[in-house]
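Working notes, beginning with the structure itself.
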Amino acid sequence: MSPKSPIEGVKRPILGKSTKIEALKQMITRVAPAKTNVLIIGESGTGKELVARALHELSPVHEGPFIAVNCGAIPESLIESELFGHKKGSFTGAIADKPGLFEAADGGTLFLDEVGELPVSMQVKLLRALQDRAIRRVGGNETIKIDVRIVAATNRNLEEGVKKGTFREDLYYRLNVIMLETPPLRERVGDVEELIHVFFDRFNEKQKRGLEGLSADALQVLLSHRWPGNIRELENVMERVVTLAAGPEVEVSSLPSEIVHAARKASGVPKELVLRADFTAGAVDLEKVILEVRAFYEREALIYSKNDAAKASALLNK
Ligand SMILES: Nc1ncnc2c1ncn2[C@@H]1O[C@H](COP(=O)(O)OP(=O)(O)OP(=O)(O)O)[C@@H](O)[C@H]1O
Ligand SMILES: [Mg+2]
């Protein structure tokens, strides 16, 4: 993508150069100028909210508000009033008229996060609001026109929900005019190194730690981690690493132990030899790599057997 593309200039940039991220950025650029509803699907921590904010920033309603609501975090009894507002006295505790989030987002974007968590009764009301482009406050008779761009997100398989009857099909199609997918980090391993460095620099600067960087070993361990919590996990780990590092260079010993353990387990070899096939510098001399691994094990076997060559051979099944 050309560096001049507007997506590169958003306030909170979407990092990564993998094919999947480039395709996502291109889709955002294409979809943002229309006011169509967008559904973002992706695992936890993959950047769904970041994408929603980018869509808003590049949309015709960018001067309007961006209102995010986590549909999974509001108790069922309060959701309708949260979204649509209420009139004074419409229920116990409704001590004054109160506008809802739809009204707050009027002229901008309403981001319905975790939309799969909405109870079915509320799905019906949401669908009506989207169809009518209007809402009614709880306990009110007046219809209020609303002009919002809806961006919804879910880490659940909504199609499955539709099949099981927990998510309304009509609402699914209404939200899913365009679907964007935020890929998990394991499907774009090529982006991990850039993310490690960007977050390292960001926290190093923010916390004024003045660290020099990561040792080659520490970087290897981080690169071999699978990041099940995706970018959110990577960001949190880098914050911890920067906070706790003895410095000036971050060593493996300063990394969270669960990451080091996972790296050892994944590679099946000790941390000194976490393997990673790196072809960025061109072809790799496989025979040399094998010889190095062999030499490493022979050395270790000798140390383990206290220099007893016969025992060391036995340890290596020789
Ligand atoms: N491509 C990316 N480039 C830079 N930062 C990213 C990227 N993707 C995610 N992040 C960062 O990772 C964190 C998690 O992102 P976000 O909150 O958008 O994920 P999410 O998919 O909404 O996760 P959850 O389902 O846990 O709410 C944020 O701090 C965000 O800034
Ligand atoms: Mg989120």
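Residues in the structure tokens are numbered from 1 in each chain, the chains being A, B, ... in the order shown, and ligands are numbered from 1 in the order shown.
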Within 9 Å of ligand 2, which residues of chain A show up? Give each one with its shortest atom-to-atom distance in Å (one decimal) and the two atoms involved, counting only C-alpha atoms and all ligand atoms, rows by chain then rising residue number, as a tab-separated table.
```
residue	atom	partner	partner_atom_place_in_ligand_line	distance
A:Ser44	CA	ligand 2	1 (Mg)	6.9
A:Gly45	CA	ligand 2	1 (Mg)	6.8
A:Thr46	CA	ligand 2	1 (Mg)	8.3
A:Gly47	CA	ligand 2	1 (Mg)	7.0
A:Lys48	CA	ligand 2	1 (Mg)	5.7
A:Glu49	CA	ligand 2	1 (Mg)	5.0
A:Leu50	CA	ligand 2	1 (Mg)	8.2
A:Asn70	CA	ligand 2	1 (Mg)	8.0
A:Asp113	CA	ligand 2	1 (Mg)	6.4
A:Glu114	CA	ligand 2	1 (Mg)	7.6
A:Ala153	CA	ligand 2	1 (Mg)	7.9
A:Thr154	CA	ligand 2	1 (Mg)	8.5
A:Asn155	CA	ligand 2	1 (Mg)	8.9
```
Now that the selection is made, can you save its residues with N, CA and C atoms as a PDB file, in the first residue's frame?
```pdb
ATOM      1  N   SER A  44     -10.004 -12.342  20.597  1.00  0.00           N
ATOM      2  CA  SER A  44      -9.699 -11.332  21.592  1.00  0.00           C
ATOM      3  C   SER A  44      -8.288 -10.770  21.368  1.00  0.00           C
ATOM      4  N   GLY A  45      -8.167  -9.453  21.464  1.00  0.00           N
ATOM      5  CA  GLY A  45      -6.854  -8.824  21.382  1.00  0.00           C
ATOM      6  C   GLY A  45      -6.286  -8.661  19.980  1.00  0.00           C
ATOM      7  N   THR A  46      -7.109  -8.860  18.954  1.00  0.00           N
ATOM      8  CA  THR A  46      -6.587  -8.779  17.584  1.00  0.00           C
ATOM      9  C   THR A  46      -6.759  -7.389  16.957  1.00  0.00           C
ATOM     10  N   GLY A  47      -7.384  -6.472  17.685  1.00  0.00           N
ATOM     11  CA  GLY A  47      -7.466  -5.105  17.167  1.00  0.00           C
ATOM     12  C   GLY A  47      -8.823  -4.697  16.619  1.00  0.00           C
ATOM     13  N   LYS A  48      -9.884  -5.327  17.114  1.00  0.00           N
ATOM     14  CA  LYS A  48     -11.217  -5.000  16.583  1.00  0.00           C
ATOM     15  C   LYS A  48     -11.587  -3.539  16.867  1.00  0.00           C
ATOM     16  N   GLU A  49     -11.282  -3.094  18.086  1.00  0.00           N
ATOM     17  CA  GLU A  49     -11.627  -1.711  18.415  1.00  0.00           C
ATOM     18  C   GLU A  49     -10.761  -0.714  17.633  1.00  0.00           C
ATOM     19  N   LEU A  50      -9.531  -1.088  17.449  1.00  0.00           N
ATOM     20  CA  LEU A  50      -8.613  -0.245  16.671  1.00  0.00           C
ATOM     21  C   LEU A  50      -9.155  -0.059  15.248  1.00  0.00           C
ATOM     22  N   ASN A  70     -19.763  -1.856  25.227  1.00  0.00           N
ATOM     23  CA  ASN A  70     -19.503  -3.287  25.336  1.00  0.00           C
ATOM     24  C   ASN A  70     -20.803  -3.992  25.732  1.00  0.00           C
ATOM     25  N   ASP A 113     -19.614  -3.356  20.600  1.00  0.00           N
ATOM     26  CA  ASP A 113     -18.610  -4.388  20.829  1.00  0.00           C
ATOM     27  C   ASP A 113     -19.277  -5.603  21.473  1.00  0.00           C
ATOM     28  N   GLU A 114     -18.753  -6.790  21.203  1.00  0.00           N
ATOM     29  CA  GLU A 114     -19.303  -8.046  21.741  1.00  0.00           C
ATOM     30  C   GLU A 114     -20.800  -8.149  21.453  1.00  0.00           C
ATOM     31  N   ALA A 153     -18.863  -5.634  16.562  1.00  0.00           N
ATOM     32  CA  ALA A 153     -17.725  -6.559  16.628  1.00  0.00           C
ATOM     33  C   ALA A 153     -18.083  -7.765  17.478  1.00  0.00           C
ATOM     34  N   THR A 154     -17.440  -8.866  17.165  1.00  0.00           N
ATOM     35  CA  THR A 154     -17.677 -10.077  17.942  1.00  0.00           C
ATOM     36  C   THR A 154     -16.475 -11.002  17.860  1.00  0.00           C
ATOM     37  N   ASN A 155     -16.221 -11.727  18.955  1.00  0.00           N
ATOM     38  CA  ASN A 155     -15.192 -12.766  18.857  1.00  0.00           C
ATOM     39  C   ASN A 155     -15.855 -14.131  18.826  1.00  0.00           C
TER      40      ASN A 155
END
```
May I have the residues within 10 Å of ligand 1, computed using only C-alpha atoms and all ligand atoms, as a CSV table (one decimal) with all heavy atoms, in the first residue's frame?
```csv
chain,number,residue,atom,x,y,z
A,12,ARG,N,-4.3,6.2,15.8
A,12,ARG,CA,-3.7,5.0,16.3
A,12,ARG,C,-3.5,4.1,15.2
A,12,ARG,O,-4.4,3.3,14.8
A,12,ARG,CB,-4.7,4.4,17.3
A,12,ARG,CG,-4.9,5.3,18.5
A,12,ARG,CD,-5.1,4.4,19.7
A,12,ARG,NE,-6.4,4.7,20.4
A,12,ARG,CZ,-7.0,3.9,21.2
A,12,ARG,NH1,-6.5,2.7,21.4
A,12,ARG,NH2,-8.1,4.3,21.8
A,13,PRO,N,-2.3,4.1,14.6
A,13,PRO,CA,-2.0,3.3,13.4
A,13,PRO,C,-2.1,1.8,13.6
A,13,PRO,O,-1.9,1.3,14.7
A,13,PRO,CB,-0.5,3.7,13.1
A,13,PRO,CG,0.0,4.3,14.3
A,13,PRO,CD,-1.1,4.8,15.1
A,14,ILE,N,-2.5,1.1,12.6
A,14,ILE,CA,-2.7,-0.3,12.6
A,14,ILE,C,-1.3,-0.8,12.1
A,14,ILE,O,-1.0,-0.7,10.9
A,14,ILE,CB,-3.8,-0.8,11.7
A,14,ILE,CG1,-5.1,-0.2,12.2
A,14,ILE,CG2,-3.8,-2.3,11.5
A,14,ILE,CD1,-6.3,-0.4,11.4
A,15,LEU,N,-0.6,-1.5,13.0
A,15,LEU,CA,0.8,-1.9,12.7
A,15,LEU,C,0.8,-3.2,12.0
A,15,LEU,O,-0.1,-4.0,12.2
A,15,LEU,CB,1.6,-2.0,13.9
A,15,LEU,CG,1.8,-0.7,14.8
A,15,LEU,CD1,2.4,-1.0,16.1
A,15,LEU,CD2,2.5,0.3,14.0
A,16,GLY,N,1.8,-3.5,11.2
A,16,GLY,CA,1.9,-4.8,10.5
A,16,GLY,C,2.0,-4.6,9.0
A,16,GLY,O,1.4,-3.7,8.5
A,17,LYS,N,2.8,-5.5,8.4
A,17,LYS,CA,3.0,-5.5,7.0
A,17,LYS,C,2.6,-6.8,6.3
A,17,LYS,O,2.8,-7.0,5.1
A,17,LYS,CB,4.4,-5.1,6.6
A,17,LYS,CG,4.8,-3.7,7.1
A,17,LYS,CD,6.2,-3.3,6.7
A,17,LYS,CE,6.5,-1.9,7.2
A,17,LYS,NZ,6.3,-1.7,8.6
A,21,ILE,N,-2.7,-8.2,7.0
A,21,ILE,CA,-2.9,-6.9,7.6
A,21,ILE,C,-3.0,-5.8,6.4
A,21,ILE,O,-3.9,-5.0,6.5
A,21,ILE,CB,-1.8,-6.5,8.6
A,21,ILE,CG1,-2.1,-7.1,9.9
A,21,ILE,CG2,-1.6,-5.0,8.7
A,21,ILE,CD1,-3.4,-6.5,10.6
A,24,LEU,N,-6.5,-6.1,5.1
A,24,LEU,CA,-7.4,-5.5,6.1
A,24,LEU,C,-7.4,-4.0,5.9
A,24,LEU,O,-8.4,-3.4,5.8
A,24,LEU,CB,-7.1,-6.0,7.5
A,24,LEU,CG,-7.9,-5.3,8.6
A,24,LEU,CD1,-9.4,-5.7,8.5
A,24,LEU,CD2,-7.4,-5.7,10.0
A,25,LYS,N,-6.2,-3.4,5.9
A,25,LYS,CA,-6.1,-2.0,5.8
A,25,LYS,C,-6.7,-1.5,4.5
A,25,LYS,O,-7.3,-0.4,4.4
A,25,LYS,CB,-4.6,-1.5,5.9
A,25,LYS,CG,-4.1,-1.7,7.3
A,25,LYS,CD,-2.8,-0.9,7.5
A,25,LYS,CE,-1.6,-1.6,7.1
A,25,LYS,NZ,-0.4,-1.0,7.6
A,40,ILE,N,-17.1,-6.6,12.5
A,40,ILE,CA,-15.7,-7.0,12.6
A,40,ILE,C,-15.6,-8.3,13.4
A,40,ILE,O,-16.2,-8.3,14.5
A,40,ILE,CB,-14.9,-5.9,13.3
A,40,ILE,CG1,-15.0,-4.5,12.6
A,40,ILE,CG2,-13.4,-6.3,13.4
A,40,ILE,CD1,-14.5,-3.4,13.4
A,41,ILE,N,-15.0,-9.3,12.8
A,41,ILE,CA,-14.9,-10.5,13.6
A,41,ILE,C,-13.4,-10.8,13.9
A,41,ILE,O,-12.6,-10.6,13.0
A,41,ILE,CB,-15.6,-11.7,13.0
A,41,ILE,CG1,-15.1,-12.0,11.6
A,41,ILE,CG2,-17.1,-11.5,12.9
A,41,ILE,CD1,-15.5,-13.4,11.1
A,42,GLY,N,-13.1,-11.3,15.0
A,42,GLY,CA,-11.7,-11.7,15.3
A,42,GLY,C,-11.6,-12.1,16.8
A,42,GLY,O,-12.4,-11.7,17.6
A,43,GLU,N,-10.5,-12.8,17.1
A,43,GLU,CA,-10.3,-13.3,18.4
A,43,GLU,C,-10.0,-12.1,19.3
A,43,GLU,O,-9.7,-11.0,18.8
A,43,GLU,CB,-9.0,-14.2,18.4
A,43,GLU,CG,-9.3,-15.5,17.9
A,43,GLU,CD,-8.0,-16.3,17.8
A,43,GLU,OE1,-7.0,-16.0,18.5
A,43,GLU,OE2,-8.0,-17.3,17.0
A,44,SER,N,-10.0,-12.3,20.6
A,44,SER,CA,-9.7,-11.3,21.6
A,44,SER,C,-8.3,-10.8,21.4
A,44,SER,O,-7.4,-11.5,21.1
A,44,SER,CB,-9.8,-12.0,23.0
A,44,SER,OG,-9.7,-11.0,23.9
A,45,GLY,N,-8.2,-9.5,21.5
A,45,GLY,CA,-6.9,-8.8,21.4
A,45,GLY,C,-6.3,-8.7,20.0
A,45,GLY,O,-5.1,-8.3,19.8
A,46,THR,N,-7.1,-8.9,19.0
A,46,THR,CA,-6.6,-8.8,17.6
A,46,THR,C,-6.8,-7.4,17.0
A,46,THR,O,-6.4,-7.2,15.8
A,46,THR,CB,-7.2,-9.8,16.7
A,46,THR,OG1,-8.7,-9.7,16.8
A,46,THR,CG2,-6.8,-11.2,17.0
A,47,GLY,N,-7.4,-6.5,17.7
A,47,GLY,CA,-7.5,-5.1,17.2
A,47,GLY,C,-8.8,-4.7,16.6
A,47,GLY,O,-8.9,-3.8,15.8
A,48,LYS,N,-9.9,-5.3,17.1
A,48,LYS,CA,-11.2,-5.0,16.6
A,48,LYS,C,-11.6,-3.5,16.9
A,48,LYS,O,-12.1,-2.8,16.0
A,48,LYS,CB,-12.3,-5.9,17.2
A,48,LYS,CG,-12.1,-7.4,16.8
A,48,LYS,CD,-13.2,-8.3,17.2
A,48,LYS,CE,-13.3,-8.5,18.7
A,48,LYS,NZ,-12.1,-9.2,19.3
A,49,GLU,N,-11.3,-3.1,18.1
A,49,GLU,CA,-11.6,-1.7,18.4
A,49,GLU,C,-10.8,-0.7,17.6
A,49,GLU,O,-11.2,0.3,17.2
A,49,GLU,CB,-11.5,-1.5,19.9
A,49,GLU,CG,-11.9,-0.1,20.3
A,49,GLU,CD,-12.4,0.1,21.7
A,49,GLU,OE1,-12.6,-0.9,22.4
A,49,GLU,OE2,-12.5,1.2,22.2
A,50,LEU,N,-9.5,-1.1,17.4
A,50,LEU,CA,-8.6,-0.2,16.7
A,50,LEU,C,-9.2,-0.1,15.2
A,50,LEU,O,-9.1,1.0,14.7
A,50,LEU,CB,-7.3,-1.0,16.6
A,50,LEU,CG,-6.0,-0.2,16.3
A,50,LEU,CD1,-5.8,0.8,17.4
A,50,LEU,CD2,-4.8,-1.1,16.1
A,51,VAL,N,-9.6,-1.1,14.7
A,51,VAL,CA,-10.2,-1.1,13.3
A,51,VAL,C,-11.5,-0.2,13.3
A,51,VAL,O,-11.7,0.6,12.4
A,51,VAL,CB,-10.5,-2.5,12.8
A,51,VAL,CG1,-11.4,-2.5,11.5
A,51,VAL,CG2,-9.2,-3.3,12.6
A,52,ALA,N,-12.3,-0.4,14.3
A,52,ALA,CA,-13.5,0.4,14.4
A,52,ALA,C,-13.2,1.9,14.5
A,52,ALA,O,-13.8,2.7,13.8
A,52,ALA,CB,-14.3,0.0,15.6
A,53,ARG,N,-12.2,2.2,15.2
A,53,ARG,CA,-11.8,3.7,15.3
A,53,ARG,C,-11.2,4.2,14.0
A,53,ARG,O,-11.4,5.3,13.6
A,53,ARG,CB,-10.7,3.8,16.4
A,53,ARG,CG,-11.4,3.8,17.8
A,53,ARG,CD,-10.4,4.0,18.9
A,53,ARG,NE,-11.0,3.7,20.2
A,53,ARG,CZ,-11.7,4.6,20.9
A,53,ARG,NH1,-11.9,5.8,20.4
A,53,ARG,NH2,-12.3,4.3,22.1
A,70,ASN,N,-19.8,-1.9,25.2
A,70,ASN,CA,-19.5,-3.3,25.3
A,70,ASN,C,-20.8,-4.0,25.7
A,70,ASN,O,-21.2,-4.0,26.9
A,70,ASN,CB,-18.4,-3.5,26.4
A,70,ASN,CG,-18.0,-5.0,26.4
A,70,ASN,OD1,-18.8,-5.9,26.0
A,70,ASN,ND2,-16.9,-5.3,27.0
A,113,ASP,N,-19.6,-3.4,20.6
A,113,ASP,CA,-18.6,-4.4,20.8
A,113,ASP,C,-19.3,-5.6,21.5
A,113,ASP,O,-20.2,-5.5,22.2
A,113,ASP,CB,-17.5,-3.8,21.8
A,113,ASP,CG,-16.2,-4.5,21.6
A,113,ASP,OD1,-16.1,-5.5,20.8
A,113,ASP,OD2,-15.3,-4.2,22.3
A,114,GLU,N,-18.8,-6.8,21.2
A,114,GLU,CA,-19.3,-8.0,21.7
A,114,GLU,C,-20.8,-8.1,21.5
A,114,GLU,O,-21.6,-8.5,22.3
A,114,GLU,CB,-19.1,-8.2,23.3
A,114,GLU,CG,-17.7,-7.8,23.7
A,114,GLU,CD,-16.6,-8.8,23.3
A,114,GLU,OE1,-17.0,-9.8,22.6
A,114,GLU,OE2,-15.4,-8.6,23.5
A,153,ALA,N,-18.9,-5.6,16.6
A,153,ALA,CA,-17.7,-6.6,16.6
A,153,ALA,C,-18.1,-7.8,17.5
A,153,ALA,O,-18.9,-7.7,18.4
A,153,ALA,CB,-16.5,-5.9,17.2
A,154,THR,N,-17.4,-8.9,17.2
A,154,THR,CA,-17.7,-10.1,17.9
A,154,THR,C,-16.5,-11.0,17.9
A,154,THR,O,-15.8,-11.0,16.9
A,154,THR,CB,-18.9,-10.8,17.4
A,154,THR,OG1,-19.1,-12.0,18.2
A,154,THR,CG2,-18.8,-11.2,16.0
A,155,ASN,N,-16.2,-11.7,19.0
A,155,ASN,CA,-15.2,-12.8,18.9
A,155,ASN,C,-15.9,-14.1,18.8
A,155,ASN,O,-15.2,-15.2,18.9
A,155,ASN,CB,-14.2,-12.7,20.0
A,155,ASN,CG,-14.8,-12.7,21.4
A,155,ASN,OD1,-15.9,-13.1,21.5
A,155,ASN,ND2,-14.1,-12.3,22.3
A,156,ARG,N,-17.2,-14.1,18.7
A,156,ARG,CA,-18.0,-15.3,18.6
A,156,ARG,C,-18.3,-15.6,17.2
A,156,ARG,O,-18.5,-14.7,16.4
A,156,ARG,CB,-19.3,-15.2,19.4
A,156,ARG,CG,-19.1,-15.3,20.8
A,156,ARG,CD,-20.4,-16.0,21.3
A,156,ARG,NE,-20.8,-15.5,22.6
A,156,ARG,CZ,-22.0,-15.8,23.1
A,156,ARG,NH1,-22.9,-16.5,22.3
A,156,ARG,NH2,-22.3,-15.4,24.3
A,181,GLU,N,-12.2,-9.0,9.0
A,181,GLU,CA,-11.7,-10.0,9.9
A,181,GLU,C,-10.3,-9.5,10.4
A,181,GLU,O,-9.4,-9.2,9.6
A,181,GLU,CB,-11.5,-11.4,9.2
A,181,GLU,CG,-12.5,-12.4,9.7
A,181,GLU,CD,-12.2,-13.8,9.1
A,181,GLU,OE1,-12.6,-13.9,7.9
A,181,GLU,OE2,-11.6,-14.6,9.8
A,182,THR,N,-10.2,-9.5,11.7
A,182,THR,CA,-8.8,-9.2,12.3
A,182,THR,C,-8.1,-10.5,12.6
A,182,THR,O,-8.6,-11.3,13.4
A,182,THR,CB,-9.0,-8.4,13.6
A,182,THR,OG1,-9.9,-9.0,14.5
A,182,THR,CG2,-9.5,-7.0,13.3
A,183,PRO,N,-7.0,-10.7,11.8
A,183,PRO,CA,-6.4,-12.0,11.9
A,183,PRO,C,-5.6,-12.2,13.3
A,183,PRO,O,-5.1,-11.3,13.8
A,183,PRO,CB,-5.4,-12.0,10.8
A,183,PRO,CG,-5.1,-10.6,10.5
A,183,PRO,CD,-6.3,-9.9,10.9
A,184,PRO,N,-5.6,-13.5,13.8
A,184,PRO,CA,-4.8,-13.7,15.0
A,184,PRO,C,-3.3,-13.6,14.7
A,184,PRO,O,-2.9,-13.8,13.5
A,184,PRO,CB,-5.2,-15.1,15.4
A,184,PRO,CG,-5.7,-15.8,14.1
A,184,PRO,CD,-6.3,-14.7,13.3
A,185,LEU,N,-2.5,-13.3,15.7
A,185,LEU,CA,-1.1,-13.1,15.5
A,185,LEU,C,-0.4,-14.3,14.9
A,185,LEU,O,0.6,-14.2,14.2
A,185,LEU,CB,-0.5,-12.7,16.8
A,185,LEU,CG,0.7,-11.7,16.8
A,185,LEU,CD1,0.4,-10.6,15.8
A,185,LEU,CD2,0.9,-11.1,18.2
A,191,ASP,N,4.7,-10.3,11.4
A,191,ASP,CA,4.5,-8.9,12.0
A,191,ASP,C,5.0,-8.9,13.5
A,191,ASP,O,5.1,-7.8,14.0
A,191,ASP,CB,3.0,-8.6,12.1
A,191,ASP,CG,2.5,-8.3,10.7
A,191,ASP,OD1,3.3,-7.9,9.8
A,191,ASP,OD2,1.3,-8.4,10.5
A,194,GLU,N,8.2,-6.6,14.4
A,194,GLU,CA,7.9,-5.2,14.3
A,194,GLU,C,7.1,-4.7,15.6
A,194,GLU,O,7.4,-3.7,16.2
A,194,GLU,CB,7.1,-4.8,13.1
A,194,GLU,CG,6.7,-3.3,13.0
A,194,GLU,CD,5.7,-3.0,11.9
A,194,GLU,OE1,5.5,-3.8,11.0
A,194,GLU,OE2,5.2,-1.9,11.9
A,195,LEU,N,6.1,-5.5,15.9
A,195,LEU,CA,5.3,-5.2,17.1
A,195,LEU,C,6.1,-5.2,18.4
A,195,LEU,O,6.0,-4.3,19.2
A,195,LEU,CB,4.1,-6.2,17.2
A,195,LEU,CG,3.0,-6.0,16.1
A,195,LEU,CD1,2.2,-7.3,16.0
A,195,LEU,CD2,2.2,-4.8,16.4
A,198,VAL,N,8.1,-2.0,18.3
A,198,VAL,CA,7.3,-0.7,18.5
A,198,VAL,C,6.9,-0.6,19.9
A,198,VAL,O,7.0,0.5,20.6
A,198,VAL,CB,6.1,-0.7,17.5
A,198,VAL,CG1,5.2,0.4,17.9
A,198,VAL,CG2,6.6,-0.6,16.1
A,199,PHE,N,6.4,-1.7,20.5
A,199,PHE,CA,5.9,-1.6,21.9
A,199,PHE,C,7.0,-1.4,22.9
A,199,PHE,O,6.9,-0.7,23.9
A,199,PHE,CB,5.0,-2.8,22.3
A,199,PHE,CG,3.7,-2.8,21.6
A,199,PHE,CD1,3.2,-3.9,20.8
A,199,PHE,CD2,2.8,-1.7,21.7
A,199,PHE,CE1,2.0,-3.8,20.2
A,199,PHE,CE2,1.6,-1.7,21.1
A,199,PHE,CZ,1.2,-2.7,20.3
A,229,GLY,N,-3.0,-14.6,23.3
A,229,GLY,CA,-3.8,-13.4,23.6
A,229,GLY,C,-3.6,-12.3,22.6
A,229,GLY,O,-4.0,-11.2,22.8
A,230,ASN,N,-2.9,-12.7,21.5
A,230,ASN,CA,-2.7,-11.7,20.4
A,230,ASN,C,-2.0,-10.4,20.8
A,230,ASN,O,-1.2,-10.4,21.7
A,230,ASN,CB,-4.0,-11.5,19.6
A,230,ASN,CG,-4.5,-12.8,19.0
A,230,ASN,OD1,-3.8,-13.4,18.2
A,230,ASN,ND2,-5.7,-13.3,19.5
A,231,ILE,N,-2.4,-9.3,20.1
A,231,ILE,CA,-1.6,-8.1,20.3
A,231,ILE,C,-1.7,-7.6,21.7
A,231,ILE,O,-0.8,-7.0,22.3
A,231,ILE,CB,-1.9,-7.1,19.2
A,231,ILE,CG1,-1.7,-7.7,17.9
A,231,ILE,CG2,-1.1,-5.8,19.4
A,231,ILE,CD1,-1.8,-6.9,16.7
A,232,ARG,N,-2.9,-7.8,22.3
A,232,ARG,CA,-3.1,-7.3,23.7
A,232,ARG,C,-2.1,-8.0,24.6
A,232,ARG,O,-1.5,-7.3,25.4
A,232,ARG,CB,-4.6,-7.6,24.1
A,232,ARG,CG,-4.9,-7.0,25.5
A,232,ARG,CD,-6.2,-7.4,26.0
A,232,ARG,NE,-7.3,-7.0,25.1
A,232,ARG,CZ,-7.7,-5.7,25.0
A,232,ARG,NH1,-7.1,-4.8,25.7
A,232,ARG,NH2,-8.7,-5.4,24.2
A,233,GLU,N,-1.9,-9.3,24.4
A,233,GLU,CA,-0.9,-10.0,25.2
A,233,GLU,C,0.5,-9.5,25.0
A,233,GLU,O,1.2,-9.2,25.9
A,233,GLU,CB,-1.0,-11.5,24.9
A,233,GLU,CG,0.0,-12.3,25.8
A,233,GLU,CD,0.1,-13.8,25.3
A,233,GLU,OE1,-0.5,-14.1,24.3
A,233,GLU,OE2,0.8,-14.5,26.0
A,234,LEU,N,0.8,-9.3,23.7
A,234,LEU,CA,2.2,-8.8,23.4
A,234,LEU,C,2.4,-7.5,24.0
A,234,LEU,O,3.5,-7.2,24.5
A,234,LEU,CB,2.3,-8.8,21.8
A,234,LEU,CG,3.7,-8.6,21.3
A,234,LEU,CD1,3.9,-9.3,20.0
A,234,LEU,CD2,4.0,-7.1,21.1
A,235,GLU,N,1.4,-6.6,23.9
A,235,GLU,CA,1.6,-5.2,24.4
A,235,GLU,C,1.8,-5.3,25.9
A,235,GLU,O,2.7,-4.6,26.5
A,235,GLU,CB,0.3,-4.4,24.1
A,235,GLU,CG,0.4,-3.0,24.3
A,235,GLU,CD,-0.9,-2.2,23.9
A,235,GLU,OE1,-1.8,-2.9,23.3
A,235,GLU,OE2,-0.9,-1.0,24.1
A,236,ASN,N,1.0,-6.1,26.6
A,236,ASN,CA,1.1,-6.2,28.1
A,236,ASN,C,2.5,-6.8,28.5
A,236,ASN,O,3.1,-6.4,29.4
A,236,ASN,CB,0.0,-7.1,28.7
A,236,ASN,CG,-1.4,-6.5,28.6
A,236,ASN,OD1,-1.4,-5.2,28.4
A,236,ASN,ND2,-2.4,-7.2,28.6
```
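Per DSSP on the backbone, strand (DSSP E) in stretch 122-255 of chain A comprises Ala134, Ile135, Ile144, Lys145, Arg149, Ile150, Val151, Ala152, Ala153, Thr154, Ile178, Met179, Leu180, Glu181, Thr182, Gly213, Leu214, Glu249 and Val250 of chain A.
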Return the single residue from A:Phe167, A:Gln207, A:Tyr304, A:Glu251 that is closest to A:Leu316, with distances computed using only C-alpha atoms.
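Nearest candidate to A:Leu316 out of A:Phe167, A:Gln207, A:Tyr304, A:Glu251: A:Tyr304.
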Excluding A:Ala96 and residues on its chain fewer than 5 positions from it, collect all residues at most 10 Å away from it, counting only C-alpha atoms, and give them as a VMD selection string.
chain A and resid 86 to 90
Write to file, as a CSV table (one decimal), in the first residue's frame, the residues of the selection just made, with N, CA and C atoms.
```
chain,number,residue,atom,x,y,z
A,86,HIS,N,-34.0,6.8,28.7
A,86,HIS,CA,-35.2,6.6,29.4
A,86,HIS,C,-35.9,7.9,29.8
A,87,LYS,N,-37.2,7.8,30.1
A,87,LYS,CA,-37.9,9.0,30.6
A,87,LYS,C,-37.9,8.9,32.1
A,88,LYS,N,-37.9,10.0,32.8
A,88,LYS,CA,-38.0,10.1,34.2
A,88,LYS,C,-39.2,9.2,34.7
A,89,GLY,N,-38.9,8.4,35.7
A,89,GLY,CA,-40.0,7.6,36.4
A,89,GLY,C,-40.4,6.4,35.6
A,90,SER,N,-39.7,6.0,34.5
A,90,SER,CA,-40.1,4.8,33.7
A,90,SER,C,-39.7,3.5,34.4
```
Which residue out of A:Val284, A:Leu171, A:Ala262, A:Ala216 has the minimum interatomic distance to A:Leu158 when only C-alpha atoms are used?
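Result for the nearest residue to A:Leu158: A:Leu171.
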Alpha helix (DSSP H) call set, DSSP backbone run, stretch 10-124 of chain A, as an MDAnalysis selection string
chainID A and resid 19:31 48:57 76:84 101:104 120:124
Grab the atom CA of A:Met179 to atom CA of A:Leu39 distance for me, in Å with one decimal place.
4.8 Å
Residues at most 12 Å from A:Ser313, counting only C-alpha atoms, excluding those fewer than 6 positions away in the same chain, as a ChimeraX atom specification?
/A:297-305,307
Within 9 Å of A:Ser81, counting only C-alpha atoms, which residues qualify if same-chain residues fewer than 6 places away don't, as a PDB file with N, CA and C atoms, in the first residue's frame?
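The result, stored in out06.pdb:
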```pdb
ATOM      1  N   LYS A  98     -33.070  10.661  30.533  1.00  0.00           N
ATOM      2  CA  LYS A  98     -31.656  10.416  30.203  1.00  0.00           C
ATOM      3  C   LYS A  98     -31.534   9.922  28.770  1.00  0.00           C
ATOM      4  N   PRO A  99     -30.700  10.577  27.968  1.00  0.00           N
ATOM      5  CA  PRO A  99     -30.492  10.087  26.609  1.00  0.00           C
ATOM      6  C   PRO A  99     -29.629   8.822  26.630  1.00  0.00           C
ATOM      7  N   GLY A 100     -29.803   7.967  25.649  1.00  0.00           N
ATOM      8  CA  GLY A 100     -29.012   6.741  25.576  1.00  0.00           C
ATOM      9  C   GLY A 100     -27.822   6.906  24.651  1.00  0.00           C
ATOM     10  N   LEU A 101     -27.113   5.815  24.433  1.00  0.00           N
ATOM     11  CA  LEU A 101     -25.886   5.868  23.638  1.00  0.00           C
ATOM     12  C   LEU A 101     -26.169   6.115  22.155  1.00  0.00           C
ATOM     13  N   ARG A 137     -37.095   6.317  23.681  1.00  0.00           N
ATOM     14  CA  ARG A 137     -36.556   6.105  25.028  1.00  0.00           C
ATOM     15  C   ARG A 137     -37.483   5.186  25.821  1.00  0.00           C
ATOM     16  N   VAL A 138     -36.938   4.452  26.779  1.00  0.00           N
ATOM     17  CA  VAL A 138     -37.753   3.581  27.633  1.00  0.00           C
ATOM     18  C   VAL A 138     -38.763   4.473  28.365  1.00  0.00           C
TER      19      VAL A 138
END
```
